Number of protein chains: 2
Amino acid sequence: MVKFHILRANLSTGEFREEVIGEDLVKKYLGGRGLGTYLALKEIPRGVDPYSPSNKLYFFSGPLSGIVTLASSRLTVVGKSPLTGSLTHSNMGGNFNVMLRKSGFDGIVVEGASDEPVYILVKDGEPQIRPAKHIWGKWTDHSTKLLLQDAGFEPDERKAGVVTIGPAGENLVRIAGIRGSDYERFAGRGGLGAVMGSKKLKGIVVWGTRDLNRELVDRQKFAEVHSKYVKMLSEADVSKALHKYGTNVLMNIVNSIGALPTRNFETGVFEEAEKVSEEYMQKAGYFKEVHGCMMCPIACTQMHKVESGPFKFMGKVKHEYESTWALAPNLGIGDPGAMNKLTKLANELGMDTISLGNVLATAVELAKKGKLPIPTDWNDPATMIDLAIKTAYRDGVGDDLAEGDYRLALKYGEPEAFVGARGQGFPAYDPRALKGFALAYMTANRGGDHLEAYTPTWEILGAPKKVDPLDDSPAGIEEQARLVKWNQDLFAVVDSTIICKFDQLDAKGGIFENALADLYNAAFGWDWTPQDVLTVGERIFNAERLFHVKEGKWVKDELTPRLRKPLPSGPAAGHSAAKMFDEGIKVYYRLRGWEDGKPLPDTLKRLGLEEFLYLL
Amino acid sequence: MVKFHILRANLSTGEFREEVIGEDLVKKYLGGRGLGTYLALKEIPRGVDPYSPSNKLYFFSGPLSGIVTLASSRLTVVGKSPLTGSLTHSNMGGNFNVMLRKSGFDGIVVEGASDEPVYILVKDGEPQIRPAKHIWGKWTDHSTKLLLQDAGFEPDERKAGVVTIGPAGENLVRIAGIRGSDYERFAGRGGLGAVMGSKKLKGIVVWGTRDLNRELVDRQKFAEVHSKYVKMLSEADVSKALHKYGTNVLMNIVNSIGALPTRNFETGVFEEAEKVSEEYMQKAGYFKEVHGCMMCPIACTQMHKVESGPFKFMGKVKHEYESTWALAPNLGIGDPGAMNKLTKLANELGMDTISLGNVLATAVELAKKGKLPIPTDWNDPATMIDLAIKTAYRDGVGDDLAEGDYRLALKYGEPEAFVGARGQGFPAYDPRALKGFALAYMTANRGGDHLEAYTPTWEILGAPKKVDPLDDSPAGIEEQARLVKWNQDLFAVVDSTIICKFDQLDAKGGIFENALADLYNAAFGWDWTPQDVLTVGERIFNAERLFHVKEGKWVKDELTPRLRKPLPSGPAAGHSAAKMFDEGIKVYYRLRGWEDGKPLPDTLKRLGLEEFLYLL
């Protein structure tokens, strides 16, 4: 019988409470994003300020976390977002998640708020709330070491699991992320680092020796099923490319199809993309070393260094395609040193690199329009570095930037300078050239998101089948809507299981619903069909949408005005996202059983969400 | 009858107390440094931690502050230094001092410590302690504006007087300074900004309409005497040079005689000095505008800008010869952009530029010797910028740098990498090439100081007479010891009056003891001789030394080992400071009536310091 063991830590009272979720509920929502959403929907009071002690944070693993060697050391954090003002979920790799489960708990719910800085320590089932006044104010590198030391470990990032926040979280910067140990992992999006800050929670340290395989019904049989998929994943071409170049293998590819958002989505091709591609940076001496998360056969983590020049910094930096895009093409910057330096600052100060890029790009656009009194322009790394630091500390104009791109654009009277959805800026793909994203971005529950459905899987990689990214014929629209819904449902399960989304990229056969059914059945003796897997995902996705319905916020899906204008240049010049969205959303709602962004009662009944019918 | 009106603000109790110092005591100690020292000596308990609520801060004007147009808007702050662990005094221009006096008080004594961030507001005699939680954390530019706004003024730096601290002071960084309004004024040395931080005092705002001339015995007569000296000062060549180039007119001059400390006093000539000279930087487009403090006929304040390149920053920066030296030649940096950027960061984060240069230079030396694990070298602006920020926030290795150069060098086992005296690093002149400083630096009560006696006055400018800076013959030594003592006594009066030291640079006739006697007599109907002026200075200087005697700290004057080694290159190659110090200190003690750095009982009696005989 699989169960989900929760530790509830109330920082207002200093009390802990343990809670066991039974198999019935686990089968409905799994762990991570699914179970987190279910509990958040029931527990977080409607209309509450994200910085109120009544907001909660769900640090959740999933039933297969740390059990399958399929990049399964991933943690999902769920809570009400200070950036978007409604539900968000954010996900990180590293070692925290395995350590969390080994510590004795499958999830930690942080409730209330402390008056003084604290951190939570869990060692082999024994939780403590410990003072963190001496760690408050430290950047994330230093904080990780001090948390480990204070908890009695060597200051080596791999000895125990650590999550922490930097100054940005402490200063309630709405784009603050949560950093995880084992090299600069981040639950970046949605500003949940600032929720930790509002609770005066500097970090969580977990360690233990619990046997994670104890719930497997047949270890031998599970090993057989499991190893087949590990082999498949290890041998996939896309895994090998990720190991060699990391996610930034995408830079040249995305640019080549005209889908690389440049200068706040002004166009889709960046003249200096090559210089910030991983291939170039490795040749140019920026590569330092490669790492992998625990339980991962891919090992895609690229660490960079900058050892000379004006953007030199101490130590190394983890970087990704998204970070590189956000802090280089999106700002008109083509200098790899500047990009790496900006990434390092974001990671050290504890900010989501994507949202930092969004807010800086919005600021430049506002400045160029004479709205924001900053002397800057595209390709101005020095000012971007200054602004990044000032944002983390809410100093000067940084106090406005710390409110995020959506609020910044509104405050300075240029709402269209915010390019995103549901209050969150877009990531590194232009939906005018990868049209699946016209639906995926706008319908994503957490807003401006590429990870609730990742359309390049079929639009570029052809998994499970190749789809033309520019085809917005009626048939193309129907296909995209169907694939987006399928992928959203699948990824809701992936984020609740929890495995990495790099398991679903291979055209020859990724860890899709079939494999997931196989794995769950082998592990726990269930009898799931692949469709059952997708139904769980659909339930989770609908529950998320119900949070918006309950809040009365972001229910309707809308296309950002900028994407209605055709791309002015590049291979996709002339294309807009208007048709794909305007027509596609109708198909999408039909497939979902929704109306105006809202689930219909029958849909909730079909998905076993009757208890939430009262919200409609 | 001249009196000194003190406002005592106790931050522990929230209470104010007013106190009037009578003319007898004013005639003995004047205001500023003199009266501050006298009260500190009596009031600050022996052995107290500088960060204890029992430490006090004396923000004092002087009897002629804001009355004479001789650069008289200067404030002295006195307290126990967290950098040196004994008495220090620090001095700034701007508009604060005039506004302070006009607010109704000649000085504010801050006692105790608040639990929550506060600031003190005094408007026309009405003091308040106000919450400053919303301003805590802000850098000094932003903080100045917010303090003004909160106090009900326009956010224009000249509307009221403001002193504030930045993150460095809040984070108890031992080199934190206190910034004053009217463009980046700083009471930099000695770390008193961190004492404000320890008291949770973010700032002081003062404004009022008091008539500062009300105590003059004869306004007409005073105006006549006064205007003669204003004319003299306005017409002095040195005043004109200062107006045109600011203090950094010294860069090329000091380098040309081989006295420009380079790479932590490795040598006395810097190959790239020209590039950071004011003459060059003005031609190269770094000059923005010139300002003057209130009540000053010189107006020497040079504001710089950096509008492009990797060291570009927003706004403008006040800079000085000392800052330029500390953050360029002293770090082997010849890039004016990098220097200005480092200065801007120091000013914004609230750190003494000289001490920041000292601690960075010490860090580079330690790194080069393999003691400090930082990959850096001379001329590494990017790392210096990173370290400056990390020092202000005590992040990572910055936590060690925040302890100051003296403690840093000791911690890493290289005491000689600290180049200073009494725990404070040296400023911008090498005493091996300007040998008067061999005595002036080492005997300065606040440690490592060029402003208790400024020997270039006679060694370079020939005021009151020209002395060869390299002459350490017996006659030269005798002359230097005599001049240093004279200048120390004079400057103790200057710092207590308070006027600027740019009043004493002109060979044709500065505001020396004669002029000061004249001015005081005209103002208050006294009958001082020039010798009386010097005796007051001598009393103050001895009282300061008594603070060290009471603490049992830094009593003995000692020559830093590095200065015993001859300069390896430049016009003064082969010269050391050993002879000047070893022989000179004997003459100096004889002239002072001291033994082993300590006043003799007869000396105290002669100076009217009998009440402190018990300390000997």
# chains A, B, ... in the order shown; residues from 1 in each chain; ligands from 1
call {"tool": "interface_residues", "arguments": {"of": "chain B", "to": "chain A", "cutoff": "7 Å", "atoms": "only C-alpha atoms", "output": "PyMOL selection string"}}
result
chain B and resi 138-139+142+310-313+381-383+395-396
call {"tool": "write_last_selection", "arguments": {"atoms": "all heavy atoms", "output": "compact mmCIF listing (two decimals), in the first residue's frame"}}
result
# COMPACT_ATOMS: atom_id res chain seq x y z
N LYS B 138 17.82 49.98 2.10
CA LYS B 138 18.03 50.79 0.90
C LYS B 138 19.46 51.31 0.87
O LYS B 138 20.07 51.59 1.89
CB LYS B 138 17.07 51.98 0.89
CG LYS B 138 15.60 51.59 0.91
CD LYS B 138 15.18 50.72 -0.25
CE LYS B 138 13.69 50.41 -0.19
NZ LYS B 138 13.33 49.32 -1.12
N TRP B 139 19.94 51.47 -0.37
CA TRP B 139 21.26 52.04 -0.56
C TRP B 139 21.18 53.54 -0.26
O TRP B 139 20.09 54.08 -0.08
CB TRP B 139 21.74 51.76 -1.98
CG TRP B 139 21.87 50.29 -2.28
CD1 TRP B 139 21.47 49.25 -1.48
CD2 TRP B 139 22.42 49.69 -3.45
NE1 TRP B 139 21.74 48.05 -2.08
CE2 TRP B 139 22.32 48.28 -3.29
CE3 TRP B 139 22.99 50.19 -4.62
CZ2 TRP B 139 22.79 47.38 -4.28
CZ3 TRP B 139 23.45 49.29 -5.59
CH2 TRP B 139 23.35 47.92 -5.41
N HIS B 142 18.91 56.10 -2.47
CA HIS B 142 17.49 55.86 -2.28
C HIS B 142 17.08 56.22 -0.85
O HIS B 142 16.04 56.84 -0.62
CB HIS B 142 17.22 54.39 -2.58
CG HIS B 142 15.77 54.04 -2.78
ND1 HIS B 142 15.35 52.75 -2.99
CD2 HIS B 142 14.66 54.80 -2.78
CE1 HIS B 142 14.04 52.75 -3.13
NE2 HIS B 142 13.59 53.98 -3.00
N PRO B 310 31.59 48.40 -19.99
CA PRO B 310 31.17 47.38 -19.00
C PRO B 310 31.02 47.94 -17.59
O PRO B 310 30.47 47.26 -16.73
CB PRO B 310 32.29 46.34 -19.06
CG PRO B 310 33.47 47.06 -19.64
CD PRO B 310 32.91 48.12 -20.54
N PHE B 311 31.53 49.16 -17.34
CA PHE B 311 31.44 49.71 -15.98
C PHE B 311 30.46 50.89 -15.91
O PHE B 311 30.45 51.63 -14.92
CB PHE B 311 32.83 50.10 -15.48
CG PHE B 311 33.80 48.95 -15.53
CD1 PHE B 311 34.91 48.97 -16.35
CD2 PHE B 311 33.56 47.81 -14.77
CE1 PHE B 311 35.78 47.89 -16.41
CE2 PHE B 311 34.42 46.73 -14.82
CZ PHE B 311 35.53 46.77 -15.65
N LYS B 312 29.67 51.02 -16.94
CA LYS B 312 28.60 52.02 -16.96
C LYS B 312 27.73 51.89 -15.71
O LYS B 312 27.50 50.79 -15.22
CB LYS B 312 27.74 51.75 -18.20
CG LYS B 312 26.53 52.63 -18.32
CD LYS B 312 25.66 52.23 -19.53
CE LYS B 312 24.35 53.02 -19.51
NZ LYS B 312 23.43 52.61 -20.57
N PHE B 313 27.27 53.01 -15.20
CA PHE B 313 26.27 52.95 -14.13
C PHE B 313 25.29 54.11 -14.26
O PHE B 313 25.55 55.08 -14.97
CB PHE B 313 26.92 52.92 -12.74
CG PHE B 313 27.85 54.07 -12.47
CD1 PHE B 313 27.37 55.31 -12.06
CD2 PHE B 313 29.23 53.92 -12.64
CE1 PHE B 313 28.24 56.36 -11.81
CE2 PHE B 313 30.10 54.96 -12.41
CZ PHE B 313 29.61 56.19 -11.99
N PRO B 381 39.33 44.39 -12.07
CA PRO B 381 38.16 45.15 -11.63
C PRO B 381 36.92 44.31 -11.38
O PRO B 381 36.17 44.58 -10.43
CB PRO B 381 37.91 46.12 -12.79
CG PRO B 381 39.11 46.10 -13.64
CD PRO B 381 39.88 44.86 -13.36
N ALA B 382 36.69 43.30 -12.22
CA ALA B 382 35.45 42.51 -12.08
C ALA B 382 35.39 41.87 -10.70
O ALA B 382 34.36 41.90 -10.02
CB ALA B 382 35.36 41.45 -13.17
N THR B 383 36.51 41.28 -10.28
CA THR B 383 36.52 40.64 -8.96
C THR B 383 36.43 41.67 -7.85
O THR B 383 35.77 41.45 -6.83
CB THR B 383 37.78 39.77 -8.80
OG1 THR B 383 37.81 38.82 -9.87
CG2 THR B 383 37.77 39.01 -7.48
N ASP B 395 28.65 38.57 2.41
CA ASP B 395 28.38 37.29 1.77
C ASP B 395 29.68 36.58 1.42
O ASP B 395 30.62 37.19 0.90
CB ASP B 395 27.57 37.47 0.49
CG ASP B 395 27.27 36.13 -0.14
OD1 ASP B 395 26.48 35.38 0.46
OD2 ASP B 395 27.87 35.78 -1.18
N GLY B 396 29.73 35.28 1.65
CA GLY B 396 30.89 34.48 1.29
C GLY B 396 32.15 35.05 1.91
O GLY B 396 32.17 35.43 3.08
call {"tool": "residues_around", "arguments": {"residues": "A:Ser355", "least_positions_apart": "4", "cutoff": "8 Å", "atoms": "only C-alpha atoms", "output": "list in words"}}
result
Ile175, Arg189, Ala326, Met351, Val359, Gly404, Asp405, Gln424 and Gly425 of chain A
call {"tool": "write_last_selection", "arguments": {"atoms": "all heavy atoms", "output": "PDB file, in the first residue's frame"}}
result
ATOM      1  N   ILE A 175       9.795  37.873  -8.078  1.00  0.00           N
ATOM      2  CA  ILE A 175      10.356  36.879  -9.010  1.00  0.00           C
ATOM      3  C   ILE A 175      11.404  36.025  -8.308  1.00  0.00           C
ATOM      4  O   ILE A 175      12.234  35.395  -8.966  1.00  0.00           O
ATOM      5  CB  ILE A 175      10.954  37.558 -10.263  1.00  0.00           C
ATOM      6  CG1 ILE A 175      12.099  38.496  -9.876  1.00  0.00           C
ATOM      7  CG2 ILE A 175       9.879  38.304 -11.044  1.00  0.00           C
ATOM      8  CD1 ILE A 175      12.907  38.987 -11.083  1.00  0.00           C
ATOM      9  N   ARG A 189      10.207  29.611 -11.105  1.00  0.00           N
ATOM     10  CA  ARG A 189       9.079  30.422 -11.541  1.00  0.00           C
ATOM     11  C   ARG A 189       8.045  30.648 -10.435  1.00  0.00           C
ATOM     12  O   ARG A 189       7.884  29.833  -9.535  1.00  0.00           O
ATOM     13  CB  ARG A 189       8.414  29.770 -12.760  1.00  0.00           C
ATOM     14  CG  ARG A 189       9.425  29.523 -13.897  1.00  0.00           C
ATOM     15  CD  ARG A 189       8.960  30.100 -15.194  1.00  0.00           C
ATOM     16  NE  ARG A 189       9.101  31.543 -15.226  1.00  0.00           N
ATOM     17  CZ  ARG A 189       8.619  32.327 -16.187  1.00  0.00           C
ATOM     18  NH1 ARG A 189       7.932  31.796 -17.169  1.00  0.00           N
ATOM     19  NH2 ARG A 189       8.800  33.621 -16.145  1.00  0.00           N
ATOM     20  N   ALA A 326      16.928  34.243 -21.666  1.00  0.00           N
ATOM     21  CA  ALA A 326      16.307  35.348 -20.926  1.00  0.00           C
ATOM     22  C   ALA A 326      17.286  36.493 -20.723  1.00  0.00           C
ATOM     23  O   ALA A 326      16.908  37.666 -20.749  1.00  0.00           O
ATOM     24  CB  ALA A 326      15.794  34.846 -19.579  1.00  0.00           C
ATOM     25  N   MET A 351      16.963  34.650  -7.770  1.00  0.00           N
ATOM     26  CA  MET A 351      15.850  35.069  -8.624  1.00  0.00           C
ATOM     27  C   MET A 351      15.704  34.107  -9.790  1.00  0.00           C
ATOM     28  O   MET A 351      16.687  33.587 -10.303  1.00  0.00           O
ATOM     29  CB  MET A 351      16.104  36.486  -9.172  1.00  0.00           C
ATOM     30  CG  MET A 351      15.995  37.561  -8.113  1.00  0.00           C
ATOM     31  SD  MET A 351      16.274  39.212  -8.788  1.00  0.00           S
ATOM     32  CE  MET A 351      18.057  39.204  -8.957  1.00  0.00           C
ATOM     33  N   VAL A 359      11.622  40.839 -16.750  1.00  0.00           N
ATOM     34  CA  VAL A 359      11.450  42.150 -16.128  1.00  0.00           C
ATOM     35  C   VAL A 359      12.501  43.134 -16.650  1.00  0.00           C
ATOM     36  O   VAL A 359      12.210  44.318 -16.869  1.00  0.00           O
ATOM     37  CB  VAL A 359      11.423  42.023 -14.585  1.00  0.00           C
ATOM     38  CG1 VAL A 359      12.794  41.846 -13.994  1.00  0.00           C
ATOM     39  CG2 VAL A 359      10.743  43.232 -13.948  1.00  0.00           C
ATOM     40  N   GLY A 404       7.950  42.661 -10.540  1.00  0.00           N
ATOM     41  CA  GLY A 404       7.716  41.778 -11.689  1.00  0.00           C
ATOM     42  C   GLY A 404       7.309  42.545 -12.928  1.00  0.00           C
ATOM     43  O   GLY A 404       6.893  43.703 -12.865  1.00  0.00           O
ATOM     44  N   ASP A 405       7.424  41.895 -14.097  1.00  0.00           N
ATOM     45  CA  ASP A 405       7.214  42.551 -15.375  1.00  0.00           C
ATOM     46  C   ASP A 405       5.767  43.014 -15.574  1.00  0.00           C
ATOM     47  O   ASP A 405       5.519  44.077 -16.143  1.00  0.00           O
ATOM     48  CB  ASP A 405       7.656  41.651 -16.542  1.00  0.00           C
ATOM     49  CG  ASP A 405       7.383  40.173 -16.316  1.00  0.00           C
ATOM     50  OD1 ASP A 405       7.281  39.749 -15.144  1.00  0.00           O
ATOM     51  OD2 ASP A 405       7.284  39.426 -17.301  1.00  0.00           O
ATOM     52  N   GLN A 424       2.533  36.170 -15.656  1.00  0.00           N
ATOM     53  CA  GLN A 424       3.909  35.665 -15.693  1.00  0.00           C
ATOM     54  C   GLN A 424       4.467  35.766 -17.101  1.00  0.00           C
ATOM     55  O   GLN A 424       3.806  35.381 -18.064  1.00  0.00           O
ATOM     56  CB  GLN A 424       3.962  34.220 -15.189  1.00  0.00           C
ATOM     57  CG  GLN A 424       5.390  33.647 -15.143  1.00  0.00           C
ATOM     58  CD  GLN A 424       5.494  32.415 -14.267  1.00  0.00           C
ATOM     59  OE1 GLN A 424       5.744  32.503 -13.069  1.00  0.00           O
ATOM     60  NE2 GLN A 424       5.331  31.254 -14.841  1.00  0.00           N
ATOM     61  N   GLY A 425       5.701  36.283 -17.209  1.00  0.00           N
ATOM     62  CA  GLY A 425       6.322  36.466 -18.521  1.00  0.00           C
ATOM     63  C   GLY A 425       6.628  35.151 -19.213  1.00  0.00           C
ATOM     64  O   GLY A 425       6.783  34.112 -18.573  1.00  0.00           O
TER      65      GLY A 425
END
call {"tool": "select_by_dssp", "arguments": {"residues": "stretch 117-350 of chain B", "states": "strand (DSSP E or B)", "output": "ChimeraX atom specification"}}
result
/B:118-123,126-131,161-164,176,178-180,185-187,201-207,262,267,287-291,301-304,317-319
call {"tool": "atom_distance", "arguments": {"atom1": "atom CA of A:Met281", "atom2": "atom CA of A:Val254"}}
result
16.8 Å
call {"tool": "residues_around", "arguments": {"residues": "A:Gly285", "least_positions_apart": "4", "cutoff": "12 Å", "atoms": "only C-alpha atoms", "output": "compact mmCIF listing (two decimals) with N, CA and C atoms, in the first residue's frame"}}
result
# COMPACT_ATOMS: atom_id res chain seq x y z
N GLU A 278 25.65 26.89 -26.81
CA GLU A 278 26.54 26.05 -25.99
C GLU A 278 27.74 25.59 -26.81
N GLU A 279 27.49 25.28 -28.07
CA GLU A 279 28.58 24.81 -28.91
C GLU A 279 29.70 25.85 -28.94
N TYR A 280 29.33 27.11 -29.17
CA TYR A 280 30.34 28.16 -29.23
C TYR A 280 31.00 28.38 -27.87
N MET A 281 30.19 28.43 -26.82
CA MET A 281 30.75 28.75 -25.50
C MET A 281 31.71 27.66 -25.03
N GLU A 289 32.37 22.18 -16.16
CA GLU A 289 32.17 20.76 -15.89
C GLU A 289 30.71 20.40 -16.08
N MET A 303 28.00 23.36 -16.17
CA MET A 303 28.51 24.43 -15.32
C MET A 303 29.50 25.27 -16.14
N HIS A 304 29.33 26.56 -16.06
CA HIS A 304 30.20 27.49 -16.79
C HIS A 304 31.08 28.27 -15.83
N LYS A 305 32.04 28.92 -16.39
CA LYS A 305 32.94 29.80 -15.64
C LYS A 305 33.26 31.01 -16.52
N VAL A 306 33.62 32.10 -15.89
CA VAL A 306 34.15 33.26 -16.64
C VAL A 306 35.40 33.69 -15.89
N GLU A 307 36.54 33.45 -16.47
CA GLU A 307 37.79 33.61 -15.74
C GLU A 307 38.58 34.86 -16.07
N SER A 308 38.05 35.67 -16.98
CA SER A 308 38.74 36.93 -17.27
C SER A 308 37.75 37.93 -17.85
N PRO A 336 28.90 36.21 -24.08
CA PRO A 336 28.70 35.07 -23.17
C PRO A 336 29.15 35.37 -21.74
N GLY A 337 30.16 36.23 -21.60
CA GLY A 337 30.61 36.59 -20.25
C GLY A 337 29.51 37.31 -19.50
call {"tool": "residues_around", "arguments": {"residues": "A:Leu408", "least_positions_apart": "3", "cutoff": "10 Å", "atoms": "only C-alpha atoms", "output": "mmCIF file with C-alpha atoms, in the first residue's frame"}}
result
data_model
loop_
_atom_site.group_PDB
_atom_site.id
_atom_site.type_symbol
_atom_site.label_atom_id
_atom_site.label_comp_id
_atom_site.auth_asym_id
_atom_site.auth_seq_id
_atom_site.Cartn_x
_atom_site.Cartn_y
_atom_site.Cartn_z
ATOM 1 C CA VAL A 359 11.450 42.150 -16.128
ATOM 2 C CA THR A 362 10.245 45.112 -19.981
ATOM 3 C CA ALA A 363 12.361 47.769 -18.243
ATOM 4 C CA LEU A 366 9.857 51.136 -21.043
ATOM 5 C CA LEU A 372 11.102 54.586 -17.152
ATOM 6 C CA ASP A 399 11.932 48.453 -6.105
ATOM 7 C CA ASP A 400 9.647 48.695 -9.139
ATOM 8 C CA LEU A 401 11.374 45.889 -11.015
ATOM 9 C CA ALA A 402 11.027 43.680 -7.945
ATOM 10 C CA GLU A 403 7.272 43.811 -8.508
ATOM 11 C CA GLY A 404 7.716 41.778 -11.689
ATOM 12 C CA ASP A 405 7.214 42.551 -15.375
ATOM 13 C CA LYS A 411 2.694 51.068 -13.384
ATOM 14 C CA TYR A 412 4.487 52.841 -16.222
ATOM 15 C CA GLY A 413 1.433 52.869 -18.463
ATOM 16 C CA GLU A 414 2.575 50.390 -21.132
ATOM 17 C CA PRO A 415 0.686 47.147 -20.473
ATOM 18 C CA ALA A 417 5.521 45.816 -22.566
ATOM 19 C CA PHE A 418 4.555 42.830 -20.449
#
call {"tool": "residues_around", "arguments": {"residues": "A:Val364", "least_positions_apart": "5", "cutoff": "8 Å", "atoms": "only C-alpha atoms", "output": "PDB file with all heavy atoms, in the first residue's frame"}}
result
ATOM      1  N   LEU A 331      17.561  40.348 -24.097  1.00  0.00           N
ATOM      2  CA  LEU A 331      18.034  41.682 -23.726  1.00  0.00           C
ATOM      3  C   LEU A 331      18.935  42.263 -24.814  1.00  0.00           C
ATOM      4  O   LEU A 331      19.593  43.284 -24.596  1.00  0.00           O
ATOM      5  CB  LEU A 331      18.788  41.626 -22.391  1.00  0.00           C
ATOM      6  CG  LEU A 331      18.000  41.024 -21.210  1.00  0.00           C
ATOM      7  CD1 LEU A 331      18.898  40.897 -19.979  1.00  0.00           C
ATOM      8  CD2 LEU A 331      16.781  41.884 -20.886  1.00  0.00           C
ATOM      9  N   THR A 376      19.209  53.541 -20.757  1.00  0.00           N
ATOM     10  CA  THR A 376      19.658  52.215 -21.178  1.00  0.00           C
ATOM     11  C   THR A 376      19.093  51.884 -22.546  1.00  0.00           C
ATOM     12  O   THR A 376      18.312  52.649 -23.118  1.00  0.00           O
ATOM     13  CB  THR A 376      19.267  51.138 -20.149  1.00  0.00           C
ATOM     14  OG1 THR A 376      19.961  49.926 -20.459  1.00  0.00           O
ATOM     15  CG2 THR A 376      17.767  50.869 -20.129  1.00  0.00           C
ATOM     16  N   ASP A 377      19.494  50.750 -23.061  1.00  0.00           N
ATOM     17  CA  ASP A 377      19.065  50.303 -24.383  1.00  0.00           C
ATOM     18  C   ASP A 377      19.319  48.796 -24.437  1.00  0.00           C
ATOM     19  O   ASP A 377      19.860  48.227 -23.504  1.00  0.00           O
ATOM     20  CB  ASP A 377      19.890  51.019 -25.471  1.00  0.00           C
ATOM     21  CG  ASP A 377      19.142  51.075 -26.814  1.00  0.00           C
ATOM     22  OD1 ASP A 377      18.282  50.199 -27.059  1.00  0.00           O
ATOM     23  OD2 ASP A 377      19.435  51.987 -27.597  1.00  0.00           O
ATOM     24  N   TRP A 378      18.930  48.161 -25.555  1.00  0.00           N
ATOM     25  CA  TRP A 378      19.292  46.757 -25.738  1.00  0.00           C
ATOM     26  C   TRP A 378      20.807  46.632 -25.731  1.00  0.00           C
ATOM     27  O   TRP A 378      21.515  47.571 -26.092  1.00  0.00           O
ATOM     28  CB  TRP A 378      18.714  46.227 -27.054  1.00  0.00           C
ATOM     29  CG  TRP A 378      17.222  46.387 -27.119  1.00  0.00           C
ATOM     30  CD1 TRP A 378      16.538  47.148 -28.007  1.00  0.00           C
ATOM     31  CD2 TRP A 378      16.244  45.808 -26.240  1.00  0.00           C
ATOM     32  NE1 TRP A 378      15.180  47.078 -27.748  1.00  0.00           N
ATOM     33  CE2 TRP A 378      14.978  46.253 -26.664  1.00  0.00           C
ATOM     34  CE3 TRP A 378      16.307  44.954 -25.145  1.00  0.00           C
ATOM     35  CZ2 TRP A 378      13.792  45.886 -26.038  1.00  0.00           C
ATOM     36  CZ3 TRP A 378      15.132  44.582 -24.510  1.00  0.00           C
ATOM     37  CH2 TRP A 378      13.899  45.041 -24.944  1.00  0.00           C
TER      38      TRP A 378
END
call {"tool": "closest_residue", "arguments": {"among": "A:Val195, A:Leu483, A:Ala453, A:Ile6", "to": "A:Lys466", "atoms": "only C-alpha atoms"}}
result
A:Leu483
call {"tool": "residues_around", "arguments": {"residues": "B:Val2", "least_positions_apart": "2", "cutoff": "10 Å", "atoms": "only C-alpha atoms", "output": "number ranges by chain"}}
result
B: 4-5, 21-24, 26-27, 30, 63, 214-217, 523-525
